[in-house]
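Source file: start_27.tsv (TSV, C-alpha atoms)
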chain	number	residue	atom	x	y	z
A	17	GLY	CA	96.67	94.14	107.56
A	18	ALA	CA	95.79	97.71	106.61
A	19	GLY	CA	93.11	98.24	104.02
A	20	VAL	CA	93.08	100.70	101.16
A	21	SER	CA	94.05	104.11	102.46
A	22	GLN	CA	93.05	107.41	100.86
A	23	SER	CA	94.12	110.92	101.71
A	24	PRO	CA	92.98	113.48	102.38
A	25	SER	CA	89.59	112.35	103.63
A	26	ASN	CA	88.17	115.80	102.91
A	27	LYS	CA	89.40	118.51	100.57
A	28	VAL	CA	87.88	121.93	100.11
A	29	THR	CA	89.32	123.98	97.29
A	30	GLU	CA	88.55	127.04	95.27
A	31	LYS	CA	87.44	126.85	91.68
A	32	GLY	CA	90.44	126.91	89.36
A	33	LYS	CA	92.90	125.36	91.81
A	34	ASP	CA	94.63	122.03	91.26
A	35	VAL	CA	94.16	119.13	93.68
A	36	GLU	CA	95.93	115.84	94.25
A	37	LEU	CA	94.21	112.83	95.76
A	38	ARG	CA	96.25	109.92	97.03
A	39	CYS	CA	95.49	106.21	97.20
A	40	ASP	CA	97.58	103.61	98.99
A	41	PRO	CA	96.33	100.15	97.92
A	42	ILE	CA	96.62	96.91	99.82
A	43	SER	CA	100.12	95.52	99.47
A	44	GLY	CA	100.39	93.01	96.67
A	45	HIS	CA	97.22	94.07	94.87
A	46	THR	CA	98.07	94.47	91.22
A	47	ALA	CA	94.86	96.19	90.15
A	48	LEU	CA	93.89	99.71	91.19
A	49	TYR	CA	90.76	101.61	90.23
A	50	TRP	CA	89.49	105.14	90.68
A	51	TYR	CA	85.77	105.82	90.82
A	52	ARG	CA	83.78	108.98	91.35
A	53	GLN	CA	80.57	109.06	93.36
A	54	SER	CA	78.44	112.16	93.07
A	55	LEU	CA	75.79	112.81	95.71
A	56	GLY	CA	73.08	110.18	95.43
A	57	GLN	CA	74.59	108.74	92.30
A	58	GLY	CA	76.29	105.50	91.34
A	59	LEU	CA	79.95	104.74	90.95
A	60	GLU	CA	81.45	106.31	87.82
A	61	PHE	CA	84.56	104.58	86.50
A	62	LEU	CA	87.53	106.92	85.98
A	63	ILE	CA	90.74	104.95	85.45
A	64	TYR	CA	92.21	101.48	85.95
A	65	PHE	CA	95.80	100.34	86.53
A	66	GLN	CA	96.87	96.71	86.22
A	67	GLY	CA	100.46	95.74	86.88
A	68	ASN	CA	102.84	97.20	84.34
A	69	SER	CA	100.22	97.51	81.60
A	70	ALA	CA	99.21	100.87	80.19
A	71	PRO	CA	96.35	102.28	82.29
A	72	ASP	CA	92.80	102.32	80.97
A	73	LYS	CA	91.96	106.03	81.05
A	74	SER	CA	88.72	105.78	79.13
A	75	GLY	CA	86.61	106.99	82.06
A	76	LEU	CA	88.41	110.26	82.72
A	77	PRO	CA	85.83	113.00	82.05
A	78	SER	CA	88.22	115.60	80.66
A	79	ASP	CA	91.90	116.33	80.10
A	80	ARG	CA	91.92	118.16	83.42
A	81	PHE	CA	91.97	114.75	85.06
A	82	SER	CA	95.08	112.59	85.17
A	83	ALA	CA	96.39	109.78	87.33
A	84	GLU	CA	99.58	107.92	87.85
A	85	ARG	CA	100.67	104.89	89.79
A	86	THR	CA	104.26	104.80	90.92
A	87	GLY	CA	106.13	101.55	91.43
A	88	GLY	CA	102.96	99.58	91.04
A	89	SER	CA	101.73	100.79	94.40
A	90	VAL	CA	100.61	104.29	95.41
A	91	SER	CA	98.41	106.17	92.97
A	92	THR	CA	97.69	109.88	92.67
A	93	LEU	CA	94.65	111.35	90.94
A	94	THR	CA	95.21	114.96	89.88
A	95	ILE	CA	92.48	117.36	88.91
A	96	GLN	CA	93.66	120.60	87.34
A	97	ARG	CA	91.69	123.85	87.27
A	98	THR	CA	88.92	122.37	89.39
A	99	GLN	CA	85.31	123.15	88.57
A	100	GLN	CA	82.27	123.01	90.82
A	101	GLU	CA	80.99	119.95	88.96
A	102	ASP	CA	84.10	118.10	90.12
A	103	SER	CA	82.67	118.08	93.65
A	104	ALA	CA	82.13	114.44	94.59
A	105	VAL	CA	83.56	111.56	96.61
A	106	TYR	CA	86.54	110.01	94.86
A	107	LEU	CA	86.90	106.34	95.71
A	108	CYS	CA	89.93	104.20	95.13
A	109	ALA	CA	89.77	100.40	95.08
A	110	SER	CA	92.36	97.69	94.72
A	111	SER	CA	92.10	94.02	93.91
A	112	PRO	CA	94.44	91.07	93.76
A	113	LEU	CA	92.71	89.76	90.60
A	114	THR	CA	94.19	86.32	91.18
A	115	GLY	CA	92.44	83.06	90.59
A	116	GLU	CA	88.87	83.33	91.74
A	117	ASN	CA	89.37	86.56	93.66
A	118	GLU	CA	88.10	89.63	91.84
A	119	LYS	CA	86.84	91.35	94.97
A	120	LEU	CA	87.29	95.10	95.05
A	121	PHE	CA	88.56	96.56	98.30
A	122	PHE	CA	87.52	100.18	98.54
A	123	GLY	CA	89.11	103.01	100.43
A	124	SER	CA	86.99	105.36	102.48
A	125	GLY	CA	87.17	108.02	99.80
A	126	THR	CA	88.12	111.66	99.47
A	127	GLN	CA	85.23	114.10	99.70
A	128	LEU	CA	86.14	116.92	97.30
A	129	SER	CA	84.27	120.20	97.55
A	130	VAL	CA	84.98	122.90	94.97
A	131	LEU	CA	83.72	126.31	96.01
B	14	GLY	CA	80.63	99.44	76.46
B	15	GLU	CA	78.57	97.81	79.16
B	16	ASN	CA	75.47	99.51	80.55
B	17	VAL	CA	74.06	98.41	83.90
B	18	GLU	CA	70.63	99.59	84.98
B	19	GLN	CA	69.38	99.10	88.52
B	20	HIS	CA	65.87	99.30	89.98
B	21	PRO	CA	64.36	100.52	92.17
B	22	SER	CA	66.35	103.57	93.21
B	23	THR	CA	64.76	103.47	96.66
B	24	LEU	CA	63.06	100.64	98.50
B	25	SER	CA	61.35	100.74	101.85
B	26	VAL	CA	60.31	97.53	103.61
B	27	GLN	CA	59.12	96.50	107.02
B	28	GLU	CA	61.52	94.55	109.20
B	29	GLY	CA	61.12	90.85	108.48
B	30	ASP	CA	59.88	91.35	104.93
B	31	SER	CA	61.87	90.43	101.83
B	32	ALA	CA	63.59	92.89	99.52
B	33	VAL	CA	64.44	92.41	95.86
B	34	ILE	CA	66.72	94.61	93.79
B	35	LYS	CA	67.03	94.07	90.04
B	36	CYS	CA	69.74	94.87	87.52
B	37	THR	CA	70.01	94.47	83.79
B	38	TYR	CA	73.14	94.55	81.70
B	39	SER	CA	73.76	95.05	78.01
B	40	ASP	CA	76.96	93.19	77.14
B	41	SER	CA	76.50	89.45	76.74
B	42	ALA	CA	80.25	89.04	77.32
B	43	SER	CA	79.87	90.03	80.98
B	44	ASN	CA	80.48	87.02	83.17
B	45	TYR	CA	80.94	88.25	86.73
B	46	PHE	CA	78.29	90.07	88.74
B	47	PRO	CA	79.10	91.32	92.24
B	48	TRP	CA	76.89	93.19	94.69
B	49	TYR	CA	78.28	95.84	97.02
B	50	LYS	CA	76.70	97.30	100.14
B	51	GLN	CA	77.50	100.84	101.23
B	52	GLU	CA	76.34	101.87	104.67
B	53	LEU	CA	75.97	105.57	105.34
B	54	GLY	CA	79.35	107.26	105.42
B	55	LYS	CA	81.24	104.04	104.84
B	56	ARG	CA	83.03	102.40	101.96
B	57	PRO	CA	81.32	99.89	99.64
B	58	GLN	CA	81.88	96.27	100.60
B	59	LEU	CA	81.26	93.10	98.64
B	60	ILE	CA	78.36	91.08	100.01
B	61	ILE	CA	77.84	88.43	97.34
B	62	ASP	CA	78.80	87.70	93.76
B	63	ILE	CA	77.85	85.31	90.99
B	64	ARG	CA	79.52	84.06	87.86
B	65	SER	CA	77.84	83.34	84.57
B	66	ASN	CA	78.23	79.57	84.93
B	67	VAL	CA	75.66	79.39	87.75
B	68	GLY	CA	72.09	80.59	88.01
B	69	GLU	CA	71.78	81.17	91.74
B	70	LYS	CA	73.93	81.62	94.81
B	71	LYS	CA	72.90	81.91	98.44
B	72	ASP	CA	74.63	83.10	101.56
B	73	GLN	CA	72.41	82.98	104.63
B	74	ARG	CA	69.72	85.64	104.17
B	75	ILE	CA	70.98	86.94	100.85
B	76	ALA	CA	70.83	85.34	97.43
B	77	VAL	CA	71.56	86.38	93.88
B	78	THR	CA	69.96	84.99	90.75
B	79	LEU	CA	71.21	85.36	87.19
B	80	ASN	CA	69.33	84.99	83.93
B	81	LYS	CA	71.90	85.12	81.13
B	82	THR	CA	69.35	84.88	78.38
B	83	ALA	CA	67.46	87.91	79.60
B	84	LYS	CA	70.64	89.61	80.82
B	85	HIS	CA	69.40	90.40	84.25
B	86	PHE	CA	70.35	89.52	87.79
B	87	SER	CA	68.73	90.17	91.13
B	88	LEU	CA	69.60	90.47	94.80
B	89	HIS	CA	67.19	88.92	97.28
B	90	ILE	CA	67.31	89.69	100.99
B	91	THR	CA	64.99	87.69	103.24
B	92	GLU	CA	63.95	88.43	106.81
B	93	THR	CA	65.27	91.98	106.53
B	94	GLN	CA	66.74	93.67	109.58
B	95	PRO	CA	67.40	97.36	110.31
B	96	GLU	CA	71.13	96.78	109.79
B	97	ASP	CA	70.37	95.86	106.17
B	98	SER	CA	69.55	99.54	105.59
B	99	ALA	CA	72.16	100.80	103.14
B	100	VAL	CA	72.76	101.58	99.48
B	101	TYR	CA	73.25	98.49	97.35
B	102	PHE	CA	75.14	98.54	94.05
B	103	CYS	CA	75.16	95.86	91.41
B	104	ALA	CA	78.01	95.59	88.93
B	105	ALA	CA	79.02	93.68	85.83
B	106	THR	CA	82.37	92.95	84.29
B	107	TRP	CA	84.03	90.40	82.04
B	108	TRP	CA	87.15	88.36	81.70
B	109	ASN	CA	89.83	90.99	82.07
B	110	PHE	CA	88.07	92.89	84.86
B	111	ASN	CA	89.45	96.20	83.71
B	112	LYS	CA	86.18	97.90	84.38
B	113	PHE	CA	83.45	97.14	86.81
B	114	TYR	CA	80.31	98.83	85.52
B	115	PHE	CA	78.12	99.77	88.45
B	116	GLY	CA	74.41	100.35	88.62
B	117	SER	CA	73.12	103.62	90.02
B	118	GLY	CA	72.39	102.12	93.42
B	119	THR	CA	69.31	101.24	95.49
B	120	LYS	CA	68.75	102.85	98.83
B	121	LEU	CA	67.13	100.24	101.05
B	122	ASN	CA	65.36	101.36	104.20
B	123	VAL	CA	64.24	98.69	106.64
B	124	LYS	CA	61.69	100.04	109.06
B	125	PRO	CA	61.69	98.50	112.54
Translate this file's structure into structure tokens.
Amino acid sequence: GAGVSQSPSNKVTEKGKDVELRCDPISGHTALYWYRQSLGQGLEFLIYFQGNSAPDKSGLPSDRFSAERTGGSVSTLTIQRTQQEDSAVYLCASSPLTGENEKLFFGSGTQLSVL
Amino acid sequence: GENVEQHPSTLSVQEGDSAVIKCTYSDSASNYFPWYKQELGKRPQLIIDIRSNVGEKKDQRIAVTLNKTAKHFSLHITETQPEDSAVYFCAATWWNFNKFYFGSGTKLNVKP
């Protein structure tokens, strides 16, 4: 009965480096979302995966950001050539999206700090 | 796309008082409106939601109202308690749920 798991919980990197953030959704959840939460701000949509459909990447802020979801389960968000403005909490959420259940189950997030 | 606005950004109430948080949305196609609570340092969790086919929903001390004509919905918390202190986010989405558009959040502080 594990929830959504994200790793690492904290990541400090230098400007210009690449980082990979991992999300392990709840087993059986077909939908997976990535959101970004800057300090004191709301939840900014980044990307959405649903089953075998092509992902909705419309929220990715630049081509430095990419994400993939392998085997319909684990997802990795990659940020290339990190910039200081990328510093934020990156939240992953999954959902079964079945019947009347659209509830999002969030992970505890990855706090990314770009120095 | 959808645009969700949330007010106020901060709200301070005395324990036992009521708190109201309001959100407006722009896309009339939106039909599902959840509210998430995020306690300090924790992940957001769903506390209540409402669909466009009803105008009000209650769950103990919390309730949500929806006015489709005016495109706004509100969260009402009665008899507030210190443990209600958190950031509350409203959201809107529609039939294919590919994007949940979140408001900017309301930081609620309940003073004992």
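Remark: for chain B, the closest of the candidate residues A:Ile42, A:Val105, A:Leu120, A:Leu76 is A:Leu120 (distances computed over all atoms listed in the file).
Distances to His20 of chain B were evaluated for B:Asn66, B:Thr78, B:Ser87, B:Ser98 using only C-alpha atoms, and the minimum falls at B:Ser87.
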With chain B as the partner and 9 Å as the cut-off, tabulate the residues of chain A that qualify, each row holding the nearest pair of atoms and their distance in Å to one decimal, using only C-alpha atoms, sorted by chain and rising number, as CSV.
residue,atom,partner,partner_atom,distance
A:Ala47,CA,B:Asn111,CA,8.4
A:Tyr49,CA,B:Lys112,CA,8.3
A:Gly56,CA,B:Gly118,CA,8.3
A:Gln57,CA,B:Ser117,CA,5.8
A:Gly58,CA,B:Ser117,CA,3.9
A:Leu59,CA,B:Phe115,CA,5.9
A:Glu60,CA,B:Phe115,CA,7.4
A:Phe61,CA,B:Lys112,CA,7.2
A:Ile63,CA,B:Lys112,CA,8.5
A:Tyr64,CA,B:Asn111,CA,6.4
A:Phe65,CA,B:Asn111,CA,8.1
A:Gln66,CA,B:Asn111,CA,7.8
A:Asp72,CA,B:Asn111,CA,7.5
A:Leu107,CA,B:Arg56,CA,8.3
A:Leu113,CA,B:Phe110,CA,8.0
A:Glu118,CA,B:Phe110,CA,7.7
A:Lys119,CA,B:Leu59,CA,6.9
A:Leu120,CA,B:Leu59,CA,7.3
A:Phe121,CA,B:Gln58,CA,7.1
A:Phe122,CA,B:Arg56,CA,6.1
A:Gly123,CA,B:Arg56,CA,6.3
A:Ser124,CA,B:Arg56,CA,5.0
A:Gly125,CA,B:Arg56,CA,7.3
Those same residues, written as a short mmCIF file (atom, residue, chain, number, x, y, z; two decimals), keeping the file's coordinate frame with C-alpha atoms?
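Produced file selection09.cif, reproduced below:
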data_model
loop_
_atom_site.label_atom_id
_atom_site.label_comp_id
_atom_site.auth_asym_id
_atom_site.auth_seq_id
_atom_site.Cartn_x
_atom_site.Cartn_y
_atom_site.Cartn_z
CA ALA A 47 94.86 96.19 90.15
CA TYR A 49 90.76 101.61 90.23
CA GLY A 56 73.08 110.18 95.43
CA GLN A 57 74.59 108.74 92.30
CA GLY A 58 76.29 105.50 91.34
CA LEU A 59 79.95 104.74 90.95
CA GLU A 60 81.45 106.31 87.82
CA PHE A 61 84.56 104.58 86.50
CA ILE A 63 90.74 104.95 85.45
CA TYR A 64 92.21 101.48 85.95
CA PHE A 65 95.80 100.34 86.53
CA GLN A 66 96.87 96.71 86.22
CA ASP A 72 92.80 102.32 80.97
CA LEU A 107 86.90 106.34 95.71
CA LEU A 113 92.71 89.76 90.60
CA GLU A 118 88.10 89.63 91.84
CA LYS A 119 86.84 91.35 94.97
CA LEU A 120 87.29 95.10 95.05
CA PHE A 121 88.56 96.56 98.30
CA PHE A 122 87.52 100.18 98.54
CA GLY A 123 89.11 103.01 100.43
CA SER A 124 86.99 105.36 102.48
CA GLY A 125 87.17 108.02 99.80
#
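Between atom CA of Ser43 of chain B and atom CA of Ser31 of chain B the separation is 27.5 Å.
Within the 9 Å cut-off around Gln99 of chain A, using all atoms listed in the file and omitting residues fewer than 4 positions from it on the same chain, the listed residues are Glu30, Lys31, Gly32, Lys33, Ser103, Val130 and Leu131 of chain A.
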Kindly save the residues from that selection, with C-alpha atoms included, as a short mmCIF file (atom, residue, chain, number, x, y, z; two decimals), keeping the file's coordinate frame.
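The resulting file, again_25.cif, is shown below:
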data_model
loop_
_atom_site.label_atom_id
_atom_site.label_comp_id
_atom_site.auth_asym_id
_atom_site.auth_seq_id
_atom_site.Cartn_x
_atom_site.Cartn_y
_atom_site.Cartn_z
CA GLU A 30 88.55 127.04 95.27
CA LYS A 31 87.44 126.85 91.68
CA GLY A 32 90.44 126.91 89.36
CA LYS A 33 92.90 125.36 91.81
CA SER A 103 82.67 118.08 93.65
CA VAL A 130 84.98 122.90 94.97
CA LEU A 131 83.72 126.31 96.01
#
Val67 of chain B: which residues within 10 Å, counting only C-alpha atoms, same-chain residues fewer than 6 positions away excluded, as JSON, numbers by chain? {"B": [78, 79, 80, 81]}
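With all atoms listed in the file as the atoms that count, the minimum distance from Asp72 of chain B to the choices B:Ala105, B:His85, B:Glu18, B:Thr91 is reached by B:Thr91.
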Tell me which of A:Ser110, A:Ser78, A:Thr46, A:Ser69 sits closest to Ile95 of chain A, counting only C-alpha atoms. A:Ser78
Work out how far atom CA of Gln27 of chain B is from atom CA of Glu92 of chain B, in Å to one decimal. 9.4 Å
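Counting only C-alpha atoms, the residue from A:Leu62, A:Glu101, A:Gly67, A:Tyr51 that sits nearest to Ser82 of chain A is A:Leu62.
Residue nearest Val20 of chain A within the list A:Pro77, A:Gly87, A:Pro41, A:Pro112: A:Pro41 [criterion: smallest interatomic distance, only C-alpha atoms].
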